[in-house]
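The file structure12.cif contains mmCIF, C-alpha atoms:
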```
data_coords
loop_
_atom_site.label_atom_id
_atom_site.label_comp_id
_atom_site.auth_asym_id
_atom_site.auth_seq_id
_atom_site.Cartn_x
_atom_site.Cartn_y
_atom_site.Cartn_z
CA MET Q 8 186.44 329.35 -39.30
CA LYS Q 9 186.59 327.82 -35.91
CA HIS Q 10 189.63 325.69 -34.95
CA PHE Q 11 188.91 322.46 -33.19
CA PHE Q 12 192.25 322.48 -31.48
CA GLY Q 13 193.83 325.40 -29.79
CA PHE Q 14 197.51 326.16 -29.66
CA LYS Q 15 197.93 324.30 -26.37
CA ALA Q 16 196.16 321.20 -27.70
CA VAL Q 17 198.31 321.14 -30.85
CA LEU Q 18 201.45 321.66 -28.79
CA ILE Q 19 200.52 318.88 -26.36
CA SER Q 20 199.49 316.54 -29.18
CA SER Q 21 202.69 317.24 -31.11
CA THR Q 22 204.76 316.68 -27.97
CA VAL Q 23 202.97 313.39 -27.25
CA VAL Q 24 203.42 312.20 -30.86
CA ILE Q 25 207.12 313.14 -30.82
CA PHE Q 26 207.53 311.47 -27.41
CA LEU Q 27 205.79 308.28 -28.62
CA LEU Q 28 207.85 308.25 -31.81
CA ALA Q 29 211.08 308.71 -29.80
CA LEU Q 30 209.98 305.96 -27.40
CA ALA Q 31 209.23 303.59 -30.29
CA ILE Q 32 212.59 304.26 -31.96
CA THR Q 33 214.43 303.86 -28.65
CA SER Q 34 212.57 300.58 -27.96
CA TYR Q 35 213.40 299.26 -31.43
CA ILE Q 36 217.09 300.12 -31.03
CA SER Q 37 217.16 298.60 -27.53
CA ILE Q 38 215.52 295.38 -28.70
CA TYR Q 39 217.95 295.13 -31.63
CA GLN Q 40 220.96 295.66 -29.35
CA LEU Q 41 219.58 293.22 -26.76
CA GLU Q 42 219.04 290.64 -29.49
CA GLU Q 43 222.66 291.00 -30.66
CA VAL Q 44 224.00 290.69 -27.11
CA VAL Q 45 221.84 287.62 -26.40
CA LYS Q 46 222.89 285.99 -29.69
CA ALA Q 47 226.57 286.55 -28.91
CA ASP Q 48 226.11 285.20 -25.38
CA VAL Q 49 224.24 282.11 -26.55
CA ILE Q 50 226.83 281.42 -29.26
CA GLN Q 51 229.64 281.75 -26.70
CA LYS Q 52 227.90 279.42 -24.24
CA ILE Q 53 227.22 276.83 -26.95
CA SER Q 54 230.84 277.03 -28.08
CA ASN Q 55 232.12 276.60 -24.51
CA SER Q 56 229.76 273.68 -23.92
CA ALA Q 57 230.77 271.99 -27.18
CA SER Q 58 234.46 272.40 -26.31
CA TYR Q 59 233.89 270.90 -22.87
CA GLU Q 60 231.92 267.95 -24.28
CA THR Q 61 234.52 267.36 -27.01
CA GLU Q 62 237.30 267.28 -24.45
CA SER Q 63 235.25 264.98 -22.22
CA ILE Q 64 234.62 262.53 -25.07
CA GLU Q 65 238.26 262.65 -26.12
CA ASN Q 66 239.42 261.86 -22.57
CA TYR Q 67 236.90 259.01 -22.34
CA VAL Q 68 238.12 257.49 -25.62
CA ILE Q 69 241.79 257.81 -24.64
CA LYS Q 70 241.17 256.29 -21.20
CA ASN Q 71 239.16 253.37 -22.56
CA SER Q 72 241.42 252.65 -25.53
CA GLN Q 73 244.57 252.38 -23.44
CA PRO Q 74 243.87 248.82 -22.20
CA ILE Q 75 243.42 247.71 -25.83
CA ALA Q 76 246.67 249.38 -26.87
CA ASP Q 77 248.43 247.74 -23.91
CA LEU Q 78 246.99 244.32 -24.80
CA ALA Q 79 248.10 244.72 -28.43
CA GLU Q 80 251.58 245.67 -27.24
CA LEU Q 81 251.76 242.57 -25.03
CA TYR Q 82 250.63 240.37 -27.94
CA SER Q 83 253.31 241.91 -30.10
CA LYS Q 84 255.99 241.65 -27.43
CA TYR Q 85 255.30 238.11 -26.18
CA GLY Q 86 253.53 236.51 -29.15
CA TYR Q 87 250.69 235.01 -27.13
CA ASN Q 88 249.35 231.82 -28.70
CA ASP Q 89 246.87 230.53 -26.14
CA ARG Q 90 244.50 231.54 -23.32
CA HIS Q 91 243.23 234.49 -25.35
CA GLU Q 92 239.95 234.53 -23.43
CA LYS Q 93 241.91 235.16 -20.22
CA HIS Q 94 243.94 237.96 -21.81
CA VAL Q 95 240.83 239.85 -22.97
CA GLU Q 96 239.12 239.27 -19.62
CA PHE Q 97 242.16 240.68 -17.83
CA ALA Q 98 242.33 243.70 -20.19
CA ALA Q 99 238.65 244.46 -19.66
CA MET Q 100 238.86 244.07 -15.88
CA THR Q 101 241.99 246.14 -15.35
CA GLY Q 102 240.87 248.79 -17.84
CA GLY Q 103 237.40 249.11 -16.36
CA LEU Q 104 235.79 248.20 -19.68
CA SER Q 105 232.44 246.46 -19.96
CA LYS Q 106 233.60 244.12 -22.74
CA VAL Q 107 236.62 243.37 -24.92
CA THR Q 108 236.34 241.16 -28.00
CA LEU Q 109 239.38 239.84 -29.83
CA GLY Q 110 239.15 238.47 -33.37
CA PHE Q 111 241.73 236.71 -35.52
CA ILE Q 112 242.02 236.52 -39.31
CA ASP Q 113 241.19 232.77 -39.22
CA GLY Q 114 237.81 233.54 -37.60
CA ARG Q 115 238.66 232.65 -34.01
CA SER Q 116 237.26 235.08 -31.46
CA TYR Q 117 237.42 235.62 -27.74
CA SER Q 118 235.34 237.73 -25.39
CA SER Q 119 235.86 239.04 -21.89
CA LYS Q 120 232.13 238.41 -21.31
CA PRO Q 121 231.34 234.74 -21.75
CA SER Q 122 227.89 233.84 -23.03
CA ASN Q 123 226.43 230.37 -23.31
CA GLU Q 124 225.32 230.88 -26.89
CA SER Q 125 228.12 232.67 -28.76
CA PHE Q 126 231.08 232.69 -26.35
CA PRO Q 127 230.98 229.72 -23.95
CA GLY Q 128 233.89 230.17 -21.57
CA GLY Q 129 234.81 233.34 -23.48
CA ILE Q 130 235.75 231.39 -26.62
CA GLY Q 131 233.73 232.29 -29.71
CA ARG Q 132 231.78 229.72 -31.71
CA ILE Q 133 232.46 230.65 -35.34
CA GLU Q 134 229.01 229.49 -36.49
CA LYS Q 135 227.47 231.99 -34.05
CA TYR Q 136 230.02 234.82 -34.24
CA ASP Q 137 232.52 235.42 -37.01
CA PRO Q 138 234.55 238.58 -36.29
CA ARG Q 139 235.70 238.81 -39.92
CA THR Q 140 232.19 239.89 -40.94
CA ARG Q 141 232.10 242.77 -38.45
CA PRO Q 142 232.77 246.39 -39.49
CA TRP Q 143 235.22 246.92 -36.63
CA PHE Q 144 237.27 243.92 -37.78
CA GLN Q 145 237.26 245.02 -41.44
CA TYR Q 146 238.31 248.53 -40.40
CA GLY Q 147 241.05 247.15 -38.16
CA LEU Q 148 242.57 245.27 -41.10
CA THR Q 149 243.21 248.58 -42.84
CA GLN Q 150 244.95 250.17 -39.84
CA SER Q 151 248.56 249.82 -38.72
CA GLN Q 152 248.01 251.34 -35.29
CA LEU Q 153 245.29 251.86 -32.72
CA ALA Q 154 242.25 253.39 -34.42
CA MET Q 155 238.63 254.03 -33.58
CA SER Q 156 235.90 252.53 -35.75
CA ASP Q 157 232.47 253.97 -36.35
CA VAL Q 158 229.89 253.42 -33.64
CA PHE Q 159 228.01 250.14 -33.98
CA PHE Q 160 225.26 248.46 -32.02
CA THR Q 161 225.04 244.92 -30.72
CA LYS Q 162 222.40 242.92 -28.90
#
```
Represent the structure from my file as structure tokens, please.
Amino acid sequence: MKHFFGFKAVLISSTVVIFLLALAITSYISIYQLEEVVKADVIQKISNSASYETESIENYVIKNSQPIADLAELYSKYGYNDRHEKHVEFAAMTGGLSKVTLGFIDGRSYSSKPSNESFPGGIGRIEKYDPRTRPWFQYGLTQSQLAMSDVFFTK
């Protein structure tokens, strides 16, 4: 019987097969380890980014709520009874806020941004804007200190 492959051919073939098998196993292990390292790195970067963004949002909220807390303190201290539209305008301007709206339990409202329709001269027209129907007002009634309501959208 004649052999198709000689000793050298079998030896070379076996060596190539073993080499390819070792290469495949090494590649698989390398890919698995690389995947684990990349996952850990991505998770760490996402965590760092989330922490940074959380801190940034927290600082923004604290900075922008301070003028409101200060205004509430002044109302409590001095018992303001008039010129509410000027008080909210001043709070918005000095606090760098785009708008401050103040609502009372009797339905009166005042805005730091006058509008001809709802807030002429910064004083709210109750038939156009009743703060008592707003979620932020309802939430505020349940709080005894400065609190942050859910996000809401306006025109």
Atom-to-atom span, atom CA of Leu153 of chain Q and atom CA of Glu62 of chain Q, Å: 19.2 Å
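Atom pair atom CA of Gln150 of chain Q / atom CA of Pro138 of chain Q has a distance of 16.0 Å (rounded to one decimal).
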Output of the PyMOL selection byres ((chain Q and resi 144) around 12), listed as a VMD selection string: chain Q and resid 108 to 116 137 to 143 145 to 150 154 to 157 159
Write to file, as a CSV table (one decimal), in the coordinates of the input, the residues of the selection just made, with C-alpha atoms.
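Heads up, here's the output in selection.csv:
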```csv
chain,number,residue,atom,x,y,z
Q,108,THR,CA,236.3,241.2,-28.0
Q,109,LEU,CA,239.4,239.8,-29.8
Q,110,GLY,CA,239.2,238.5,-33.4
Q,111,PHE,CA,241.7,236.7,-35.5
Q,112,ILE,CA,242.0,236.5,-39.3
Q,113,ASP,CA,241.2,232.8,-39.2
Q,114,GLY,CA,237.8,233.5,-37.6
Q,115,ARG,CA,238.7,232.6,-34.0
Q,116,SER,CA,237.3,235.1,-31.5
Q,137,ASP,CA,232.5,235.4,-37.0
Q,138,PRO,CA,234.6,238.6,-36.3
Q,139,ARG,CA,235.7,238.8,-39.9
Q,140,THR,CA,232.2,239.9,-40.9
Q,141,ARG,CA,232.1,242.8,-38.4
Q,142,PRO,CA,232.8,246.4,-39.5
Q,143,TRP,CA,235.2,246.9,-36.6
Q,145,GLN,CA,237.3,245.0,-41.4
Q,146,TYR,CA,238.3,248.5,-40.4
Q,147,GLY,CA,241.0,247.2,-38.2
Q,148,LEU,CA,242.6,245.3,-41.1
Q,149,THR,CA,243.2,248.6,-42.8
Q,150,GLN,CA,245.0,250.2,-39.8
Q,154,ALA,CA,242.2,253.4,-34.4
Q,155,MET,CA,238.6,254.0,-33.6
Q,156,SER,CA,235.9,252.5,-35.8
Q,157,ASP,CA,232.5,254.0,-36.4
Q,159,PHE,CA,228.0,250.1,-34.0
```
Pick from Q:Ile19, Q:Val49, Q:Val68, Q:Ile130 nearest to His94 of chain Q, counting only C-alpha atoms: Q:Ile130
Coordinates-based distance that separates atom CA of Val107 of chain Q from atom CA of Ser119 of chain Q (Å, one decimal): 5.3 Å
Find the smallest box with edges along x, y and z containing every listed atom of segment 85-90 of chain Q, then add 8 Å on each side and report centre and edge lengths in Å to one decimal, as JSON.
```
{"center_x": 249.9, "center_y": 234.3, "center_z": -26.2, "size_x": 26.8, "size_y": 23.6, "size_z": 21.8}
```
Answer key for the PyMOL selection byres ((chain Q and resi 126) around 12), residues as a PyMOL selection string: chain Q and resi 92+108-109+115-125+127-137
Ref. answer, residues at most 9 Å from (239.9, 246.2, -20.7) with only C-alpha atoms, as JSON, numbers by chain: {"Q": [71, 72, 73, 74, 75, 78, 95, 96, 97, 98, 99, 100, 101, 102, 103, 104, 105, 106, 107, 119]}
Among the residues Q:Lys70, Q:Ala57, Q:Gln152, Q:Glu42, the one that comes closest to Ser83 of chain Q [using only C-alpha atoms]: Q:Gln152
